[in-house]
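Below: query36.tsv (TSV, C-alpha atoms)
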chain	number	residue	atom	x	y	z
A	1	MET	CA	-2.21	-15.28	55.20
A	2	SER	CA	1.04	-14.90	53.32
A	3	SER	CA	1.77	-11.81	51.26
A	4	SER	CA	1.45	-12.21	47.50
A	5	LYS	CA	4.45	-9.98	47.00
A	6	LEU	CA	7.70	-11.94	46.68
A	7	ASP	CA	10.67	-10.96	48.76
A	8	PRO	CA	13.63	-9.73	46.73
A	9	ILE	CA	16.24	-12.43	46.14
A	10	GLU	CA	19.31	-11.76	48.18
A	11	PRO	CA	22.73	-13.42	47.81
A	12	HIS	CA	22.83	-16.57	49.90
A	13	PRO	CA	25.95	-16.57	52.10
A	14	LEU	CA	27.72	-19.85	52.78
A	15	PRO	CA	26.63	-21.38	56.12
A	16	SER	CA	30.23	-21.30	57.32
A	17	GLN	CA	30.39	-17.54	56.81
A	18	VAL	CA	27.31	-16.81	58.83
A	19	VAL	CA	28.11	-15.52	62.30
A	20	LYS	CA	25.04	-15.56	64.48
A	21	ALA	CA	24.34	-12.21	66.07
A	22	ASP	CA	24.51	-13.58	69.61
A	23	GLU	CA	28.00	-15.04	69.19
A	24	PRO	CA	30.07	-12.11	70.61
A	25	MET	CA	27.74	-12.08	73.62
A	26	LEU	CA	28.10	-15.83	74.15
A	27	VAL	CA	31.89	-15.62	73.83
A	28	ALA	CA	32.02	-12.72	76.32
A	29	ALA	CA	29.83	-14.64	78.78
A	30	ALA	CA	31.93	-17.81	78.37
A	31	LYS	CA	35.07	-15.73	78.95
A	32	ALA	CA	33.55	-14.62	82.24
A	33	GLY	CA	33.14	-18.30	83.21
A	34	ASP	CA	29.53	-18.82	82.12
A	35	ILE	CA	29.51	-22.56	81.38
A	36	PRO	CA	26.02	-22.73	79.76
A	37	ALA	CA	27.12	-19.99	77.31
A	38	PHE	CA	30.16	-22.05	76.37
A	39	GLU	CA	28.01	-25.17	76.03
A	40	THR	CA	25.81	-23.27	73.57
A	41	LEU	CA	28.91	-22.53	71.49
A	42	VAL	CA	29.93	-26.19	71.71
A	43	GLY	CA	26.48	-27.27	70.50
A	44	ARG	CA	26.77	-24.88	67.58
A	45	TYR	CA	30.10	-26.19	66.35
A	46	GLU	CA	30.45	-29.79	67.61
A	47	ARG	CA	29.42	-31.38	64.28
A	48	LYS	CA	31.87	-29.32	62.26
A	49	ILE	CA	34.72	-29.80	64.71
A	50	PHE	CA	34.11	-33.56	64.79
A	51	ARG	CA	34.15	-33.69	60.99
A	52	LEU	CA	37.46	-31.81	61.05
A	53	THR	CA	39.11	-34.08	63.64
A	54	GLN	CA	37.67	-37.19	61.94
A	55	ASN	CA	38.90	-36.09	58.50
A	56	ILE	CA	42.39	-35.41	59.81
A	57	THR	CA	42.88	-38.37	62.14
A	58	GLN	CA	40.84	-40.94	60.17
A	59	ASN	CA	40.25	-42.67	63.49
A	60	ARG	CA	37.01	-42.42	65.44
A	61	GLU	CA	38.53	-42.66	68.93
A	62	ASP	CA	41.28	-40.12	68.15
A	63	ALA	CA	38.72	-37.82	66.54
A	64	GLU	CA	36.53	-37.90	69.67
A	65	ASP	CA	39.48	-37.30	71.97
A	66	ALA	CA	40.84	-34.48	69.80
A	67	MET	CA	37.41	-32.82	69.74
A	68	GLN	CA	37.02	-33.05	73.53
A	69	GLU	CA	40.52	-31.74	74.12
A	70	ALA	CA	39.96	-28.89	71.65
A	71	PHE	CA	36.80	-27.69	73.40
A	72	LEU	CA	38.41	-27.97	76.84
A	73	LYS	CA	41.51	-26.13	75.67
A	74	ALA	CA	39.34	-23.45	74.08
A	75	PHE	CA	37.53	-22.92	77.39
A	76	GLN	CA	40.79	-22.77	79.33
A	77	HIS	CA	42.34	-20.27	76.92
A	78	LEU	CA	39.29	-18.16	76.11
A	79	GLY	CA	40.96	-15.23	77.86
A	80	GLU	CA	43.55	-15.18	75.07
A	81	PHE	CA	40.91	-14.89	72.33
A	82	GLN	CA	41.10	-11.27	71.25
A	83	GLY	CA	38.25	-11.29	68.77
A	84	ASN	CA	40.52	-10.42	65.82
A	85	SER	CA	39.18	-13.44	63.94
A	86	ARG	CA	35.90	-15.31	64.14
A	87	PHE	CA	35.56	-17.48	67.24
A	88	TYR	CA	35.11	-20.49	64.94
A	89	THR	CA	38.41	-19.81	63.12
A	90	TRP	CA	40.16	-19.65	66.49
A	91	LEU	CA	38.51	-22.91	67.53
A	92	VAL	CA	39.52	-24.59	64.25
A	93	ARG	CA	43.16	-23.72	64.89
A	94	ILE	CA	43.03	-25.38	68.29
A	95	ALA	CA	41.19	-28.44	66.96
A	96	VAL	CA	43.55	-28.97	64.03
A	97	ASN	CA	46.55	-28.95	66.37
A	98	GLN	CA	44.92	-31.50	68.68
A	99	ALA	CA	44.02	-33.71	65.70
A	100	LEU	CA	47.55	-33.48	64.25
A	101	MET	CA	49.04	-34.50	67.60
A	102	LYS	CA	46.86	-37.63	67.58
A	103	LEU	CA	47.77	-38.39	63.98
A	104	ARG	CA	51.50	-37.99	64.61
A	105	LYS	CA	51.29	-40.19	67.70
A	106	ARG	CA	49.63	-42.98	65.75
A	107	ARG	CA	51.66	-42.61	62.57
A	108	PRO	CA	54.96	-40.95	63.58
A	109	ASN	CA	56.83	-41.95	60.44
A	110	VAL	CA	54.16	-40.93	58.02
A	111	VAL	CA	53.18	-37.47	59.07
A	112	SER	CA	55.60	-34.64	58.61
A	113	LEU	CA	53.75	-31.61	57.38
A	114	ASP	CA	56.84	-29.57	56.69
A	115	GLU	CA	58.70	-32.02	54.51
A	116	ASP	CA	59.44	-30.93	50.96
A	117	LEU	CA	57.07	-32.57	48.58
A	118	ASP	CA	58.06	-33.55	45.11
A	119	THR	CA	56.21	-31.11	42.91
A	120	GLY	CA	57.76	-32.36	39.69
A	121	GLU	CA	55.05	-34.94	39.05
A	122	ASP	CA	52.86	-34.15	36.09
A	123	MET	CA	49.64	-32.77	37.53
A	124	MET	CA	47.89	-32.48	34.19
A	125	PRO	CA	44.50	-34.17	34.60
A	126	ARG	CA	44.02	-37.13	32.28
A	127	GLU	CA	40.31	-37.67	32.73
A	128	VAL	CA	38.36	-34.79	31.29
A	129	GLU	CA	34.59	-34.94	31.09
A	130	ASP	CA	31.59	-33.00	32.31
A	131	TRP	CA	29.83	-34.33	35.41
A	132	GLY	CA	26.16	-33.80	34.64
A	133	PRO	CA	23.73	-33.54	37.58
A	134	SER	CA	25.13	-32.03	40.76
A	135	PRO	CA	25.91	-34.36	43.71
A	136	GLU	CA	23.15	-32.66	45.70
A	137	GLN	CA	20.72	-33.96	43.07
A	138	ARG	CA	22.25	-37.44	43.06
A	139	TYR	CA	22.63	-38.21	46.76
A	140	GLU	CA	20.99	-37.78	50.12
A	141	GLN	CA	22.96	-35.35	52.30
A	142	THR	CA	24.09	-38.09	54.73
A	143	GLU	CA	25.23	-40.36	51.91
A	144	LEU	CA	27.14	-37.49	50.31
A	145	SER	CA	28.86	-36.63	53.62
A	146	GLY	CA	30.11	-40.22	53.85
A	147	ILE	CA	31.35	-40.29	50.26
A	148	LEU	CA	33.24	-37.00	50.66
A	149	SER	CA	34.71	-38.01	54.00
A	150	ASN	CA	36.06	-41.26	52.52
A	151	MET	CA	37.61	-39.36	49.63
A	152	ILE	CA	39.41	-36.96	51.95
A	153	GLY	CA	40.63	-39.93	54.00
A	154	GLU	CA	42.31	-41.37	50.91
A	155	LEU	CA	44.49	-38.28	50.50
A	156	ASP	CA	47.95	-38.07	52.04
A	157	PRO	CA	47.80	-36.20	55.38
A	158	GLN	CA	49.90	-33.34	53.94
A	159	PHE	CA	47.21	-32.69	51.36
A	160	ARG	CA	44.08	-33.40	53.35
A	161	VAL	CA	44.99	-31.09	56.24
A	162	VAL	CA	45.59	-28.15	53.90
A	163	PHE	CA	42.39	-28.87	51.95
A	164	GLN	CA	40.38	-29.21	55.16
A	165	LEU	CA	41.51	-25.84	56.50
A	166	ARG	CA	41.45	-23.88	53.26
A	167	ASP	CA	38.44	-25.25	51.39
A	168	ILE	CA	36.18	-26.74	54.07
A	169	GLU	CA	36.83	-24.48	57.05
A	170	GLU	CA	37.48	-21.54	54.71
A	171	LEU	CA	40.56	-20.18	56.44
A	172	SER	CA	42.58	-17.86	54.21
A	173	THR	CA	45.76	-19.15	52.59
A	174	GLU	CA	47.77	-17.07	55.08
A	175	GLU	CA	45.79	-18.37	58.09
A	176	THR	CA	46.25	-21.94	56.84
A	177	ALA	CA	50.00	-21.38	56.44
A	178	GLU	CA	50.29	-19.86	59.92
A	179	THR	CA	48.23	-22.61	61.57
A	180	LEU	CA	50.30	-25.39	60.00
A	181	GLY	CA	53.69	-23.65	60.15
A	182	LEU	CA	54.03	-23.81	56.37
A	183	SER	CA	55.02	-21.18	53.83
A	184	VAL	CA	52.28	-19.65	51.66
A	185	PRO	CA	53.75	-21.22	48.46
A	186	ALA	CA	53.76	-24.64	50.19
A	187	VAL	CA	50.09	-24.23	51.12
A	188	LYS	CA	49.22	-23.23	47.55
A	189	SER	CA	51.11	-26.14	46.05
A	190	ARG	CA	49.50	-28.69	48.40
A	191	LEU	CA	46.08	-27.16	47.92
A	192	LEU	CA	46.36	-27.48	44.15
A	193	ARG	CA	47.40	-31.13	44.48
A	194	ALA	CA	44.56	-31.84	46.90
A	195	ARG	CA	41.96	-30.15	44.72
A	196	LEU	CA	43.10	-32.02	41.60
A	197	LYS	CA	43.21	-35.35	43.41
A	198	LEU	CA	39.72	-34.86	44.82
A	199	ARG	CA	38.46	-33.74	41.41
A	200	GLN	CA	39.85	-36.97	39.99
A	201	LYS	CA	38.22	-39.05	42.72
A	202	LEU	CA	34.84	-37.40	42.17
A	203	ASN	CA	35.28	-37.88	38.43
A	204	GLN	CA	35.94	-41.61	38.89
A	205	HIS	CA	33.02	-41.89	41.28
A	206	PHE	CA	30.59	-40.21	38.89
A	207	ARG	CA	31.86	-42.28	35.97
A	208	ARG	CA	31.29	-45.51	37.92
A	209	GLU	CA	27.77	-44.32	38.71
A	210	LYS	CA	27.09	-43.80	35.00
A	211	THR	CA	28.29	-47.28	34.03
A	212	PRO	CA	25.36	-49.73	34.08
B	1	MET	CA	49.71	-20.05	27.09
B	2	LYS	CA	49.85	-23.85	27.27
B	3	CYS	CA	47.44	-26.20	29.08
B	4	LYS	CA	50.16	-27.12	31.61
B	5	GLN	CA	50.53	-23.47	32.63
B	6	ILE	CA	46.77	-23.23	33.19
B	7	ILE	CA	47.01	-26.07	35.68
B	8	SER	CA	49.96	-24.50	37.51
B	9	GLU	CA	47.97	-21.25	37.92
B	10	LEU	CA	44.69	-23.02	38.69
B	11	ALA	CA	44.66	-22.55	42.48
B	12	ASP	CA	45.28	-18.79	42.27
B	13	TYR	CA	42.86	-18.48	39.36
B	14	LEU	CA	40.05	-20.15	41.31
B	15	ASP	CA	40.86	-18.11	44.42
B	16	GLU	CA	40.77	-14.92	42.32
B	17	ALA	CA	44.31	-14.13	43.43
B	18	LEU	CA	45.85	-13.49	39.99
B	19	ASP	CA	46.73	-10.14	38.50
B	20	PRO	CA	44.22	-9.02	35.85
B	21	ILE	CA	46.59	-9.51	32.89
B	22	LEU	CA	47.37	-13.15	33.73
B	23	ARG	CA	43.72	-13.78	34.54
B	24	ASN	CA	42.72	-12.43	31.15
B	25	THR	CA	45.34	-14.57	29.38
B	26	ILE	CA	43.91	-17.65	31.10
B	27	GLU	CA	40.36	-16.73	30.15
B	28	VAL	CA	41.36	-16.30	26.50
B	29	HIS	CA	42.86	-19.82	26.61
B	30	LEU	CA	39.75	-21.23	28.30
B	31	GLU	CA	37.53	-19.84	25.56
B	32	LYS	CA	39.43	-21.92	23.02
B	33	CYS	CA	40.32	-25.05	25.01
B	34	LYS	CA	37.39	-27.27	26.01
B	35	ASP	CA	39.51	-29.71	28.07
B	36	CYS	CA	40.97	-26.94	30.22
B	37	ARG	CA	37.53	-25.41	30.61
B	38	ILE	CA	36.16	-28.71	31.91
B	39	VAL	CA	39.09	-29.14	34.30
B	40	VAL	CA	38.60	-25.61	35.65
B	41	ASP	CA	34.81	-26.08	35.98
B	42	THR	CA	35.01	-29.49	37.64
B	43	THR	CA	37.76	-28.36	40.02
B	44	LYS	CA	35.60	-25.38	40.96
B	45	GLN	CA	32.67	-27.76	41.50
B	46	THR	CA	34.91	-30.01	43.63
B	47	ILE	CA	35.65	-27.12	45.98
B	48	GLU	CA	31.97	-26.12	46.12
B	49	ILE	CA	30.81	-29.68	46.80
B	50	PHE	CA	33.18	-30.07	49.76
B	51	CYS	CA	32.74	-26.52	51.02
B	52	ASN	CA	28.94	-26.65	50.96
B	53	SER	CA	28.56	-30.16	52.36
B	54	GLU	CA	26.84	-30.37	55.72
B	55	PRO	CA	28.68	-32.29	58.43
B	56	ALA	CA	26.96	-35.53	59.39
B	57	PRO	CA	25.05	-35.47	62.69
B	58	LEU	CA	27.24	-36.28	65.66
B	59	PRO	CA	26.71	-39.94	66.67
B	60	ALA	CA	24.61	-40.00	69.87
B	61	SER	CA	27.28	-41.86	71.86
B	62	THR	CA	29.98	-39.39	70.73
B	63	ARG	CA	27.82	-36.44	71.72
B	64	LEU	CA	27.06	-37.99	75.11
B	65	ARG	CA	30.75	-38.62	75.84
B	66	LEU	CA	31.66	-35.07	74.76
B	67	HIS	CA	29.10	-33.43	77.01
B	68	GLU	CA	29.92	-35.72	79.95
B	69	ALA	CA	33.60	-34.83	79.60
B	70	LEU	CA	32.79	-31.13	79.37
B	71	ALA	CA	30.47	-31.28	82.39
B	72	LYS	CA	33.20	-33.00	84.40
B	73	HIS	CA	36.15	-30.83	83.38
B	74	LEU	CA	34.67	-27.37	82.80
B	75	ARG	CA	33.48	-27.05	86.37
B	76	ARG	CA	36.92	-28.12	87.57
B	77	VAL	CA	38.58	-25.52	85.31
B	78	ARG	CA	36.34	-22.80	86.68
B	79	ALA	CA	36.80	-23.87	90.30

Please express the file's structure as structure tokens.
Amino acid sequence: MSSSKLDPIEPHPLPSQVVKADEPMLVAAAKAGDIPAFETLVGRYERKIFRLTQNITQNREDAEDAMQEAFLKAFQHLGEFQGNSRFYTWLVRIAVNQALMKLRKRRPNVVSLDEDLDTGEDMMPREVEDWGPSPEQRYEQTELSGILSNMIGELDPQFRVVFQLRDIEELSTEETAETLGLSVPAVKSRLLRARLKLRQKLNQHFRREKTP
Amino acid sequence: MKCKQIISELADYLDEALDPILRNTIEVHLEKCKDCRIVVDTTKQTIEIFCNSEPAPLPASTRLRLHEALAKHLRRVRA
């Protein structure tokens, strides 16, 4: 029988910030060559890493290859993981580099992350209205994942990579800059653009939904 | 402070990376300006929507290929 006394409400941490207690043990075992321990880590993060490689490459085959290569590279280089960051953050850095290599191979003339972007364009949002019910109330989780993934895919690579690392994978601005070889101001400027563009896309999407 | 300046400081404002004086100046503006308030709120919601979204399940064929590749290569790496 359940207790009538309610548990105190505790702050709910974001799923991406939760490190399972067994993770350091699994990483240590994998470092020692324990393949099942590494496979447990793969199972824990494969969905998130595939979303990352898919969002960056926008190509299913490249995303699969980048994910496989990232996990293999992680296993090969586990000895270099010092534990100064979360294992997942370390894995994300490997995966983003694999995904960017695929993207550059397929679109060599389009993708240059370090080019100077014109920041003179007026970024002032033109569509300003409240959104009403939250997307979680409007859509099934799978449907929402698809909508968000398509929206990210419509961004220029320079913006979507920064947004993916900073706002989805929750790397710090400094970690994002270091991973991509960009300056901190460049990351901030691209992040602002990406956030405003995605805000606009969500706004248009919600407005279309409201129109009968 | 003008609306345009709010937008240029928006990323640092949302990341709570502004000094308290500038933050306070922005909040005074937001109290008076409904449009900026909506832009700030909906941009904040945008980040939350993407950040909190669950990744879709891995397609079965993708998962199979990943684990086959790992099974093949990991043992070779260890050998």

Sorted by chain and rising residue number, list the residues of chain B at most 6 Å from chain A (counting only C-alpha atoms), each with its closest atom pair and distance in Å to one decimal, as JSON lines.
{"residue": "B:Ala11", "atom": "CA", "partner": "A:Leu192", "partner_atom": "CA", "distance": 5.5}
{"residue": "B:Thr43", "atom": "CA", "partner": "A:Arg199", "partner_atom": "CA", "distance": 5.6}
{"residue": "B:Thr46", "atom": "CA", "partner": "A:Arg199", "partner_atom": "CA", "distance": 5.6}
{"residue": "B:Cys51", "atom": "CA", "partner": "A:Ile168", "partner_atom": "CA", "distance": 4.6}
{"residue": "B:Pro55", "atom": "CA", "partner": "A:Lys48", "partner_atom": "CA", "distance": 5.8}
{"residue": "B:Leu58", "atom": "CA", "partner": "A:Arg47", "partner_atom": "CA", "distance": 5.5}
{"residue": "B:Leu66", "atom": "CA", "partner": "A:Gln68", "partner_atom": "CA", "distance": 5.9}

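Summary of the local environment: counting all atoms listed in the file, residues at most 10 Å from Thr53 of chain A, other than itself and those fewer than 6 positions away along its chain, are Asn59, Arg60, Asp62, Ala63, Glu64, Asp65, Ala66, Met67, Ala70, Val92, Ala95, Val96, Asn97, Gln98, Ala99, Leu100, Lys102, Leu103, Val161 and Gln164 of chain A.
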
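Neighbours of segment 178-182 of chain A closer than or equal to 7 Å, with only C-alpha atoms counted and sequence neighbours fewer than 3 positions away skipped, come out as Arg93, Asp114, Glu174, Glu175, Ala186 and Val187 of chain A.
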
Just give me the gap between atom CA of Leu70 of chain B and atom CA of Met101 of chain A in Å, one decimal is fine.
20.3 Å

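Here atom CA of Val162 of chain A stands at a distance of 9.9 Å from atom CA of Ile56 of chain A.
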